[in-house]
Each structure stands twice: as C-alpha cells, then as structure tokens.
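*Asks:* One file is attached below, start_22.csv, containing CSV, C-alpha atoms.
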```
chain,number,residue,atom,x,y,z
A,1,MET,CA,-43.1,194.3,-92.7
A,2,CYS,CA,-43.0,195.9,-96.1
A,3,THR,CA,-41.9,199.5,-95.6
A,4,GLY,CA,-40.0,199.1,-92.4
A,5,ILE,CA,-40.7,202.7,-91.6
A,6,VAL,CA,-41.1,202.9,-87.8
A,7,GLU,CA,-40.1,205.2,-85.0
A,8,THR,CA,-40.4,204.3,-81.3
A,9,ALA,CA,-40.5,206.8,-78.4
A,10,GLU,CA,-41.0,206.5,-74.6
A,11,VAL,CA,-44.2,208.0,-73.3
A,12,SER,CA,-45.9,208.3,-70.0
A,13,GLY,CA,-49.6,208.3,-69.4
A,14,SER,CA,-52.5,205.8,-69.6
A,15,GLY,CA,-54.3,204.1,-72.4
A,16,LYS,CA,-57.6,202.2,-72.5
A,17,GLY,CA,-57.3,198.8,-74.2
A,18,PRO,CA,-59.6,195.8,-74.4
A,19,ARG,CA,-59.0,195.0,-70.7
A,20,GLY,CA,-59.4,198.5,-69.4
A,21,TRP,CA,-56.9,201.2,-68.5
A,22,PHE,CA,-53.1,200.4,-68.4
A,23,LYS,CA,-50.0,202.5,-68.1
A,24,LEU,CA,-48.3,203.4,-71.3
A,25,GLU,CA,-44.6,203.0,-71.8
A,26,HIS,CA,-43.9,203.3,-75.5
A,27,VAL,CA,-45.5,204.6,-78.7
A,28,ASN,CA,-44.6,203.0,-82.0
A,29,VAL,CA,-45.4,205.2,-85.0
A,30,SER,CA,-45.1,203.5,-88.4
A,31,TYR,CA,-46.1,204.0,-92.1
A,32,ASP,CA,-47.0,200.5,-93.2
A,33,HIS,CA,-50.0,198.3,-94.0
A,34,PRO,CA,-53.0,198.9,-91.8
A,35,ASN,CA,-55.0,196.0,-90.4
A,36,ASP,CA,-58.4,197.6,-90.8
A,37,ALA,CA,-58.3,201.0,-92.5
A,38,SER,CA,-59.0,201.1,-96.2
A,39,PHE,CA,-55.6,202.3,-97.4
A,40,GLU,CA,-52.7,200.4,-98.9
A,41,HIS,CA,-50.5,202.1,-96.3
A,42,ALA,CA,-51.4,204.1,-93.2
A,43,LEU,CA,-49.8,206.1,-90.5
A,44,ASN,CA,-50.1,203.6,-87.6
A,45,ILE,CA,-49.8,204.6,-84.0
A,46,ASP,CA,-49.6,202.0,-81.3
A,47,PHE,CA,-49.5,203.0,-77.7
A,48,VAL,CA,-48.2,200.0,-75.8
A,49,ASN,CA,-46.9,198.5,-72.6
A,50,PRO,CA,-44.7,195.6,-73.4
A,51,ASN,CA,-44.8,194.4,-69.8
A,52,GLU,CA,-48.5,193.8,-70.0
A,53,GLY,CA,-48.4,191.7,-73.1
A,54,PRO,CA,-49.2,192.3,-76.8
A,55,SER,CA,-52.9,193.1,-76.2
A,56,ALA,CA,-52.0,196.1,-74.0
A,57,ARG,CA,-52.2,198.3,-77.0
A,58,VAL,CA,-54.2,201.3,-78.2
A,59,ALA,CA,-54.0,201.4,-81.9
A,60,VAL,CA,-55.0,203.9,-84.6
A,61,GLU,CA,-54.5,203.7,-88.4
A,62,LEU,CA,-54.8,207.1,-90.1
A,63,SER,CA,-54.5,208.5,-93.6
A,64,PRO,CA,-51.4,210.7,-93.9
A,65,GLU,CA,-53.7,213.8,-94.1
A,66,SER,CA,-55.4,212.8,-90.9
A,67,ALA,CA,-52.1,212.2,-89.2
A,68,ARG,CA,-51.0,215.7,-90.1
A,69,THR,CA,-54.3,217.1,-88.8
A,70,LEU,CA,-53.8,215.2,-85.6
A,71,VAL,CA,-50.3,216.6,-85.1
A,72,LYS,CA,-51.5,220.2,-85.7
A,73,ALA,CA,-54.4,219.6,-83.3
A,74,ILE,CA,-52.1,218.3,-80.6
A,75,LEU,CA,-49.6,221.2,-81.0
A,76,GLY,CA,-52.5,223.7,-81.1
A,77,VAL,CA,-53.9,222.4,-77.8
A,78,LEU,CA,-50.5,222.4,-76.1
A,79,THR,CA,-49.9,226.0,-77.3
A,80,GLN,CA,-53.3,227.1,-75.9
A,81,ALA,CA,-52.4,225.5,-72.6
A,82,GLY,CA,-49.2,227.5,-72.5
A,83,LEU,CA,-47.1,224.5,-73.2
A,84,PRO,CA,-45.4,225.3,-76.5
A,85,MET,CA,-42.7,223.0,-78.0
A,86,ALA,CA,-39.6,223.0,-75.9
B,1,MET,CA,-64.6,160.8,-105.7
B,2,TYR,CA,-64.2,161.1,-102.0
B,3,GLU,CA,-62.7,164.4,-100.9
B,4,GLY,CA,-61.6,165.5,-97.5
B,5,MET,CA,-58.9,167.3,-95.6
B,6,LEU,CA,-57.5,167.7,-92.1
B,7,ALA,CA,-56.6,171.2,-90.9
B,8,GLU,CA,-55.2,171.9,-87.4
B,9,THR,CA,-52.7,173.8,-85.4
B,10,ILE,CA,-49.6,171.9,-84.4
B,11,MET,CA,-46.3,172.4,-82.7
B,12,LEU,CA,-42.9,171.7,-84.3
B,13,PRO,CA,-39.2,172.5,-83.6
B,14,GLY,CA,-38.3,175.6,-85.6
B,15,HIS,CA,-35.1,177.6,-85.7
B,16,ASN,CA,-32.5,176.3,-83.2
B,17,GLY,CA,-35.0,173.6,-82.2
B,18,GLU,CA,-37.2,176.1,-80.5
B,19,ILE,CA,-40.9,175.0,-80.4
B,20,ILE,CA,-43.1,177.1,-82.6
B,21,ASN,CA,-46.7,176.7,-83.7
B,22,ALA,CA,-48.0,176.2,-87.2
B,23,TYR,CA,-51.2,175.6,-89.1
B,24,TYR,CA,-51.1,172.4,-91.0
B,25,ALA,CA,-53.6,171.2,-93.6
B,26,ARG,CA,-53.4,168.1,-95.7
B,27,PRO,CA,-55.7,166.1,-98.0
B,28,LEU,CA,-57.1,162.9,-96.6
B,29,GLY,CA,-55.8,159.9,-98.6
B,30,PRO,CA,-52.7,157.9,-99.0
B,31,GLY,CA,-50.6,160.3,-101.0
B,32,PRO,CA,-47.9,160.8,-101.9
B,33,PHE,CA,-48.4,164.5,-101.8
B,34,PRO,CA,-46.1,167.4,-102.6
B,35,GLY,CA,-45.7,170.0,-99.9
B,36,VAL,CA,-45.8,173.8,-99.6
B,37,VAL,CA,-44.6,176.0,-96.8
B,38,LEU,CA,-46.6,179.3,-96.6
B,39,ILE,CA,-44.9,182.3,-95.1
B,40,HIS,CA,-47.5,184.6,-93.7
B,41,HIS,CA,-47.5,188.3,-94.5
B,42,MET,CA,-46.6,191.3,-92.3
B,43,PRO,CA,-50.1,191.5,-90.7
B,44,GLY,CA,-49.4,188.2,-89.1
B,45,TRP,CA,-50.4,184.6,-88.8
B,46,ASP,CA,-54.0,185.3,-89.5
B,47,GLU,CA,-57.2,183.9,-90.8
B,48,LEU,CA,-56.3,184.7,-94.4
B,49,TYR,CA,-53.2,182.5,-94.2
B,50,ARG,CA,-55.2,179.7,-92.7
B,51,GLU,CA,-57.5,180.0,-95.8
B,52,PHE,CA,-54.5,180.0,-98.1
B,53,THR,CA,-53.2,176.9,-96.3
B,54,ARG,CA,-56.5,175.1,-96.8
B,55,LYS,CA,-56.6,176.1,-100.4
B,56,PHE,CA,-53.3,174.4,-101.0
B,57,ALA,CA,-54.6,171.3,-99.2
B,58,HIS,CA,-57.6,171.4,-101.5
B,59,HIS,CA,-55.3,171.3,-104.4
B,60,GLY,CA,-53.5,168.2,-103.2
B,61,TYR,CA,-50.6,169.6,-101.1
B,62,LEU,CA,-49.4,169.0,-97.6
B,63,ALA,CA,-49.5,172.7,-96.6
B,64,ILE,CA,-48.0,174.2,-93.5
B,65,SER,CA,-48.0,177.8,-92.4
B,66,PRO,CA,-45.6,178.3,-89.5
B,67,ASN,CA,-46.1,181.2,-87.1
B,68,ILE,CA,-42.8,183.0,-87.7
B,69,TYR,CA,-43.9,185.5,-85.0
B,70,SER,CA,-44.1,182.7,-82.3
B,71,ARG,CA,-41.2,184.2,-80.3
B,72,PHE,CA,-43.1,187.5,-79.9
B,73,GLY,CA,-45.8,186.0,-77.9
B,74,HIS,CA,-49.4,184.9,-78.6
B,75,GLY,CA,-52.6,186.8,-79.1
B,76,SER,CA,-54.6,188.4,-81.8
B,77,PRO,CA,-52.6,188.6,-85.1
B,78,ASP,CA,-52.8,192.4,-85.2
B,79,ASP,CA,-51.5,192.8,-81.7
B,80,ILE,CA,-48.6,190.5,-82.4
B,81,SER,CA,-47.9,192.1,-85.7
B,82,ALA,CA,-47.8,195.5,-84.0
B,83,LYS,CA,-45.3,194.1,-81.5
B,84,VAL,CA,-43.1,192.7,-84.2
B,85,ARG,CA,-43.2,196.1,-86.1
B,86,GLY,CA,-42.3,198.0,-82.9
B,87,SER,CA,-39.4,195.6,-82.3
B,88,GLY,CA,-37.8,196.2,-85.6
B,89,GLY,CA,-39.2,193.3,-87.5
B,90,VAL,CA,-38.7,189.5,-87.3
B,91,PRO,CA,-35.1,188.5,-87.6
B,92,ASP,CA,-34.2,187.0,-91.0
B,93,VAL,CA,-32.1,184.3,-89.2
B,94,SER,CA,-35.1,182.9,-87.3
B,95,VAL,CA,-37.3,183.1,-90.4
B,96,VAL,CA,-34.9,181.0,-92.4
B,97,GLY,CA,-34.6,178.5,-89.6
B,98,ASP,CA,-38.4,178.2,-89.1
B,99,ILE,CA,-39.1,177.8,-92.8
B,100,ASP,CA,-36.3,175.3,-93.3
B,101,ALA,CA,-37.6,173.3,-90.3
B,102,SER,CA,-41.1,173.4,-91.7
B,103,ALA,CA,-39.8,171.9,-95.0
B,104,ARG,CA,-38.1,169.2,-93.1
B,105,PHE,CA,-41.4,168.5,-91.2
B,106,LEU,CA,-43.3,168.1,-94.5
B,107,LYS,CA,-40.6,165.9,-96.1
B,108,SER,CA,-40.5,163.6,-93.0
B,109,SER,CA,-44.2,162.8,-93.4
B,110,PRO,CA,-44.9,159.3,-94.9
B,111,LEU,CA,-47.5,161.1,-97.1
B,112,SER,CA,-44.8,163.3,-98.7
B,113,ASN,CA,-43.4,162.9,-102.2
B,114,ARG,CA,-40.3,164.7,-100.9
B,115,LYS,CA,-40.9,167.7,-103.1
B,116,VAL,CA,-41.6,171.0,-101.2
B,117,GLY,CA,-42.2,174.5,-102.4
B,118,VAL,CA,-42.3,177.8,-100.6
B,119,PHE,CA,-44.8,180.6,-101.0
B,120,GLY,CA,-45.1,184.0,-99.4
B,121,THR,CA,-46.8,187.4,-99.9
B,122,CYS,CA,-45.7,190.8,-98.8
B,123,SER,CA,-42.8,190.4,-96.3
B,124,GLY,CA,-43.4,186.7,-96.8
B,125,GLY,CA,-42.6,187.1,-100.5
B,126,ARG,CA,-39.3,188.6,-99.5
B,127,GLN,CA,-38.7,185.8,-97.1
B,128,ALA,CA,-39.6,183.1,-99.6
B,129,PHE,CA,-36.9,184.4,-101.9
B,130,LEU,CA,-34.5,184.7,-99.0
B,131,VAL,CA,-35.1,181.1,-97.8
B,132,ALA,CA,-34.8,179.8,-101.4
B,133,CYS,CA,-31.3,181.4,-101.5
B,134,ARG,CA,-30.2,180.5,-98.0
B,135,THR,CA,-31.2,176.9,-98.0
B,136,LYS,CA,-31.4,174.0,-100.5
B,137,SER,CA,-34.6,172.7,-99.0
B,138,PHE,CA,-37.0,173.8,-101.7
B,139,ASP,CA,-37.9,172.6,-105.2
B,140,ALA,CA,-39.8,175.8,-106.2
B,141,ALA,CA,-40.4,179.2,-104.7
B,142,VAL,CA,-43.1,181.9,-105.2
B,143,ASN,CA,-42.5,185.5,-104.3
B,144,CYS,CA,-45.7,187.5,-104.3
B,145,TRP,CA,-44.9,191.2,-104.2
B,146,GLY,CA,-42.1,190.8,-101.7
B,147,GLY,CA,-40.9,194.3,-100.7
B,148,ASN,CA,-37.3,195.1,-99.6
B,149,VAL,CA,-35.7,192.3,-101.6
B,150,VAL,CA,-33.8,195.3,-102.9
B,151,GLN,CA,-32.8,197.3,-99.8
B,152,PRO,CA,-30.5,200.3,-99.8
B,153,LYS,CA,-27.8,200.1,-97.1
B,154,GLU,CA,-29.5,202.8,-95.0
B,155,LYS,CA,-32.6,200.5,-94.7
B,156,LEU,CA,-30.7,197.5,-93.4
B,157,THR,CA,-31.4,196.7,-89.8
B,158,PRO,CA,-30.0,194.3,-87.1
B,159,ALA,CA,-32.9,192.0,-87.9
B,160,GLN,CA,-32.5,192.3,-91.6
B,161,PRO,CA,-28.8,192.9,-92.1
B,162,VAL,CA,-28.4,191.9,-95.7
B,163,ALA,CA,-30.6,192.7,-98.7
B,164,PRO,CA,-31.9,189.4,-100.1
B,165,ILE,CA,-30.9,190.4,-103.7
B,166,GLU,CA,-27.3,190.0,-102.5
B,167,TYR,CA,-27.9,186.3,-102.2
B,168,THR,CA,-29.3,185.8,-105.8
B,169,LYS,CA,-26.4,183.8,-106.9
B,170,ASP,CA,-27.3,181.2,-104.3
B,171,LEU,CA,-30.9,180.8,-105.4
B,172,SER,CA,-31.4,177.0,-105.3
B,173,CYS,CA,-34.7,176.4,-107.1
B,174,PRO,CA,-37.0,177.9,-109.8
B,175,LEU,CA,-38.7,181.1,-108.8
B,176,LEU,CA,-42.1,182.5,-109.7
B,177,GLY,CA,-42.7,186.2,-109.0
B,178,LEU,CA,-46.1,187.9,-109.1
B,179,PHE,CA,-46.1,191.7,-108.8
B,180,GLY,CA,-48.4,194.7,-109.2
B,181,GLU,CA,-47.5,197.6,-111.5
B,182,GLU,CA,-48.8,200.2,-109.0
B,183,ASP,CA,-46.9,198.7,-106.1
B,184,LYS,CA,-44.6,201.1,-104.2
B,185,ASN,CA,-42.6,198.4,-102.5
B,186,PRO,CA,-41.5,196.6,-104.6
B,187,THR,CA,-41.7,199.2,-107.4
B,188,PRO,CA,-41.5,197.9,-111.0
B,189,GLU,CA,-37.9,199.3,-110.9
B,190,ASN,CA,-37.1,197.1,-107.9
B,191,VAL,CA,-38.6,194.1,-109.7
B,192,HIS,CA,-36.5,194.9,-112.8
B,193,GLN,CA,-33.3,195.1,-110.6
B,194,LEU,CA,-34.1,191.6,-109.2
B,195,GLU,CA,-34.8,190.3,-112.7
B,196,GLU,CA,-31.4,191.6,-114.0
B,197,GLU,CA,-29.7,189.9,-111.1
B,198,LEU,CA,-31.5,186.6,-111.8
B,199,LYS,CA,-30.4,186.9,-115.5
B,200,LYS,CA,-26.9,187.6,-114.5
B,201,TYR,CA,-26.6,184.4,-112.6
B,202,GLY,CA,-28.6,182.3,-115.2
B,203,LYS,CA,-31.4,181.5,-112.8
B,204,ASN,CA,-34.7,179.8,-113.7
B,205,TYR,CA,-37.4,182.4,-113.0
B,206,GLU,CA,-40.8,183.6,-114.3
B,207,PHE,CA,-42.1,187.0,-113.4
B,208,HIS,CA,-45.5,188.5,-114.1
B,209,MET,CA,-46.4,192.2,-113.6
B,210,TYR,CA,-50.1,193.0,-113.4
B,211,PRO,CA,-51.3,196.4,-114.6
B,212,GLY,CA,-53.9,198.0,-112.4
B,213,ALA,CA,-52.8,196.1,-109.4
B,214,GLY,CA,-50.7,197.3,-106.4
B,215,HIS,CA,-49.5,195.6,-103.3
B,216,GLY,CA,-51.5,192.6,-101.9
B,217,PHE,CA,-53.9,192.0,-104.8
B,218,PHE,CA,-54.8,188.5,-103.5
B,219,TYR,CA,-56.3,190.0,-100.3
B,220,TYR,CA,-60.0,189.9,-100.9
B,221,PRO,CA,-60.9,191.5,-97.5
B,222,SER,CA,-59.0,194.7,-98.5
B,223,VAL,CA,-59.1,197.5,-101.0
B,224,ALA,CA,-56.0,196.1,-102.6
B,225,TYR,CA,-57.9,193.1,-104.0
B,226,ARG,CA,-57.9,192.9,-107.8
B,227,PRO,CA,-60.0,189.9,-108.8
B,228,GLU,CA,-58.7,189.4,-112.3
B,229,ALA,CA,-55.1,189.6,-111.3
B,230,ALA,CA,-55.7,187.3,-108.2
B,231,VAL,CA,-57.5,184.6,-110.2
B,232,ASP,CA,-54.7,184.6,-112.9
B,233,GLY,CA,-52.0,184.7,-110.2
B,234,TRP,CA,-53.4,181.6,-108.4
B,235,LYS,CA,-53.6,179.8,-111.7
B,236,LYS,CA,-50.0,180.7,-112.6
B,237,MET,CA,-48.9,179.6,-109.2
B,238,PHE,CA,-50.6,176.2,-109.3
B,239,THR,CA,-49.3,175.6,-112.8
B,240,PHE,CA,-45.8,176.5,-111.6
B,241,PHE,CA,-45.9,174.2,-108.6
B,242,GLU,CA,-47.4,171.3,-110.6
B,243,LYS,CA,-44.4,171.6,-112.9
B,244,TYR,CA,-41.8,171.5,-110.3
B,245,LEU,CA,-43.4,169.5,-107.4
B,246,GLU,CA,-44.8,166.7,-109.5
B,247,THR,CA,-48.4,167.2,-108.3
B,248,SER,CA,-51.5,165.4,-109.4
B,249,GLY,CA,-53.2,168.7,-110.2
B,250,ARG,CA,-56.1,167.8,-107.9
B,251,GLY,CA,-58.8,170.4,-107.2
B,252,ARG,CA,-58.4,172.4,-110.4
```
Using structure tokens, write down the structure that the file contains.

*Replies:*
Amino acid sequence: MCTGIVETAEVSGSGKGPRGWFKLEHVNVSYDHPNDASFEHALNIDFVNPNEGPSARVAVELSPESARTLVKAILGVLTQAGLPMA
Amino acid sequence: MYEGMLAETIMLPGHNGEIINAYYARPLGPGPFPGVVLIHHMPGWDELYREFTRKFAHHGYLAISPNIYSRFGHGSPDDISAKVRGSGGVPDVSVVGDIDASARFLKSSPLSNRKVGVFGTCSGGRQAFLVACRTKSFDAAVNCWGGNVVQPKEKLTPAQPVAPIEYTKDLSCPLLGLFGEEDKNPTPENVHQLEEELKKYGKNYEFHMYPGAGHGFFYYPSVAYRPEAAVDGWKKMFTFFEKYLETSGRGR
C-alpha cells in the first residue's frame, strides 16, 4: 500500500459481483495504485461484504476527474429526487 | 550446459509459526545457491511476482515469494489486495515475521550457501528496508521505490506504527535503492531524507534515481513501465546481489 489513503463507510444496498447479487455492508474508497486502469494512481471504490469473502466485491478504478464527475452526478440525482444532502 | 528449475507453491511457518503459503523457485542442480526473499507489492501476491521469482531462479538463486496477505484469506490477488487496503494495510509485525521465516526456510535448505538477500517493490520496497533493519537475517537488501519509508506522524497507523526511517541505525546489511525521479511516493525529497539518515549512521548503501521514471518502472504490464530504467535496474540489482551473496552469476 503506497499512499495509504483510504476511507471506509458503512452502506446498505446490493451489488452484483462475479457470483451474482450480494448484500453490501461497506464501501472502501482509496487513492492508490489501480489494478487495471491505466493510471499510476486512481480513485478506487470497492463495495464489499466481508462476511461473504474477498470476492464479494464490486470494484471501480477512476481518474480523479471521473470521480468528481461521479460525485456530482450522484448528488444531482439525489437532489432531483427530492433527497438533498442532510 | 543443462538448465532447469522447479517452481511451485509451498506452505511454511511464518510469523508466530502460523502457516502461510509461498511461491518457491530454485535452479535444478546441486548448488550451493544463494537465496532471495521477494516481498510482493501492494497489488498482491500476483503473477508478476511469480515471474520475478522465476527470474531469480534463472539467475541461480533459491527464490521465495511468501504471501504476506495469507491471513486476509485466499482468492484473486486484486480481491485480497482490496481487502488488505480496506483493513488498513498488512501489519508490519507480521510482515517482518513472515519475511524472517522465509529467510530461515531458505538457509535451512541443503542447497543454500547460507547467504540470503531481500527484494521488494512498492510497499514491498518499504518492507524490504524495514526487515533489513528489524532482523539480522539478510546479507543484502534491495528497496525498489518503497513509499512511506519516511512517514509523517499523522500517517502512522496501528498496522504501521513506526516510520521505517526511524530504524535506519539498525540496518544490518548493504542496501540498494532504485527510484524514479517522477515518483510521488517516495518523492526525490523522501529519498534524499533516507539517504541523509543512512549517511548519518555510516551505512553501506547505493541509490540510483532514474529520470523519466515514476513509481513501478519494472512493471511491464502497466503504463508505469520504463524499459531502459527497468533493464538497467535489473542489471544493477544482480550486480549488487552477486557482490554480497557470493553468487555464480549464472544466467546473465
């Protein structure tokens, strides 16, 4: 782990991994080396359920710009739905 | 000349005698051979590290790459790496124990010349330096772009409670460092800080800083790959290990 920059939060919902849908418990957000994306560092998001093993994971590796775009999109949708930030 | 190697996964007692798995490659032949422990990078105990391990065997070393993520479960390297990252990283104490145990495993082989080096890249570079300071098991150490050797207090964690640079006075073997000028962790300034500390304690070290290279310039599957720096880095590493591990220089 080279940057060590990681935040963990509890989430509820479902994610679809390699073995189908599973219940989500945590999300780990980090800025560190990606496994696949073509960047030296990426904004990595891992939706996981530790109780179902390491493969119960939905992963994305984004450029910082894409991560900001995603945050804006999520907040925009929540606002349109009448669910602004608490 | 006949040439061959055996490469396989094995189990061995690691930190606290807990059983961990490892990838072990060795030349076929009577030896004696020097040994190298390879500490895998943050992305995990993956295919690249199996390749590196076989490369050392090709060059005449007993080479072992222990899975320092063993305690986090088993699965694809990226899943396990994500779990380790989400858990705050692998604890330094278990890494030191696992790597020390791997050195003992190599030295216990009837094929061993009783000389063992340690090599690591990325987080493994940091850990190679750490282990070379915290044990007296190694005859040479190679730190490739290890980040967080210099760690400000606010970045210390329960898993990594002490910045490795604090242990510099205890470095127990010669150290080779390979770094990229464009790396953000470690930055050239971080490398300079470590170098100053090594000078302060009169340690035997050799650092090389590659222009045009960043973090991970050996990793040919990634955008970080810099072929000229990588080729030169491997050469410098084998020259270094030959000097301190009394190798035959096979495979060059």

*Asks:* To one decimal place in Å, what is the distance between CA of His74 (chain B) and CA of Ser12 (chain A)?

*Replies:*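 Computing it gives 25.2 Å between the two atoms.
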
*Asks:* Region 15-29 of chain A: which residues within 6 Å, counting all atoms listed in the file, same-chain residues fewer than 3 positions away excluded, as a list in words?

*Replies:* Val6, Glu7, Thr8, Ala9, Glu10, Val11, Ser12, Asn44, Ile45, Asp46, Phe47, Val48, Asn49, Ala56, Arg57 and Val58 of chain A; Gly86 of chain B

*Asks:* Taking only residues of chain A that have an atom at most 7 Å from an atom of chain B, what is each one's shortest atom pair and its distance in Å to one decimal, using only C-alpha atoms, in chain and number order, as CSV?

*Replies:*
```
residue,atom,partner,partner_atom,distance
A:Met1,CA,B:Met42,CA,4.6
A:Cys2,CA,B:Gly147,CA,5.3
A:Thr8,CA,B:Gly86,CA,6.8
A:Asn28,CA,B:Gly86,CA,5.6
A:Asn35,CA,B:Pro43,CA,6.7
A:Ser38,CA,B:Val223,CA,6.0
A:Phe39,CA,B:Val223,CA,6.9
A:Glu40,CA,B:Ala224,CA,6.6
A:Pro54,CA,B:Asp79,CA,5.4
A:Ser55,CA,B:Asp79,CA,5.7
```

*Asks:* Can you write just those residues out, C-alpha atoms, as a CSV table (one decimal), in the coordinates of the input?

*Replies:*
```csv
chain,number,residue,atom,x,y,z
A,1,MET,CA,-43.1,194.3,-92.7
A,2,CYS,CA,-43.0,195.9,-96.1
A,8,THR,CA,-40.4,204.3,-81.3
A,28,ASN,CA,-44.6,203.0,-82.0
A,35,ASN,CA,-55.0,196.0,-90.4
A,38,SER,CA,-59.0,201.1,-96.2
A,39,PHE,CA,-55.6,202.3,-97.4
A,40,GLU,CA,-52.7,200.4,-98.9
A,54,PRO,CA,-49.2,192.3,-76.8
A,55,SER,CA,-52.9,193.1,-76.2
```

*Asks:* Figure out the distance between CA of Pro174 (chain B) and CA of Phe240 (chain B), please, to one decimal in Å.

*Replies:*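 Straight-line distance from CA of Phe240 (chain B) to CA of Pro174 (chain B) works out to 9.1 Å.
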
*Asks:* Find the distance between CA of Ser63 (chain A) and CA of Lys153 (chain B) and write it in Å to one decimal.

*Replies:*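 Answer for the CA of Ser63 (chain A) to CA of Lys153 (chain B) separation: 28.2 Å.
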
*Asks:* Could you tell me which of B:His59, B:Arg50, B:Lys136, B:Lys203 comes closest to Lys169 (chain B) if we count only C-alpha atoms?

*Replies:*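 Ranking B:His59, B:Arg50, B:Lys136, B:Lys203 by distance to Lys169 (chain B), first place goes to B:Lys203.
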
*Asks:* Under the rule that only C-alpha atoms are counted, which of B:Glu181, B:Asp232, B:Glu197, B:Glu206 is the nearest residue to Phe218 (chain B)?

*Replies:*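 Selected residue with least distance to Phe218 (chain B): B:Asp232.
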
*Asks:* Measuring atom to atom with all atoms listed in the file, identify which of B:Ile39, B:Leu48, B:Cys144, B:Ala22 is nearest to Ala7 (chain B).

*Replies:*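 Ranked by minimum distance to Ala7 (chain B), first place goes to B:Ala22.
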
*Asks:* Excluding Val36 (chain B) and any residue of its chain fewer than 6 positions from it, enumerate the residues within 6 Å of it, using only C-alpha atoms, and give them as a PyMOL selection string.

*Replies:* chain B and resi 63+116-118

*Asks:* For the point (-41.3, 202.6, -92.6) in file coordinates, what residues are within 7 Å, counting all atoms listed in the file? Give the answer as a list in words?

*Replies:*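 Counting all atoms listed in the file, I find these residues within 7 Å of (-41.3, 202.6, -92.6): Thr3, Gly4, Ile5, Val6, Ser30, Tyr31 and Asp32 of chain A.
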
*Asks:* For a quick check of your reading of the model, name the residues lying within 10 Å of the coordinate (-41.3, 173.6, -103.4), counting all atoms listed in the file, and write them as JSON, numbers by chain.

*Replies:* {"B": [34, 35, 36, 37, 103, 114, 115, 116, 117, 118, 119, 132, 137, 138, 139, 140, 141, 142, 173, 174, 175, 240, 241, 242, 244, 245, 246]}
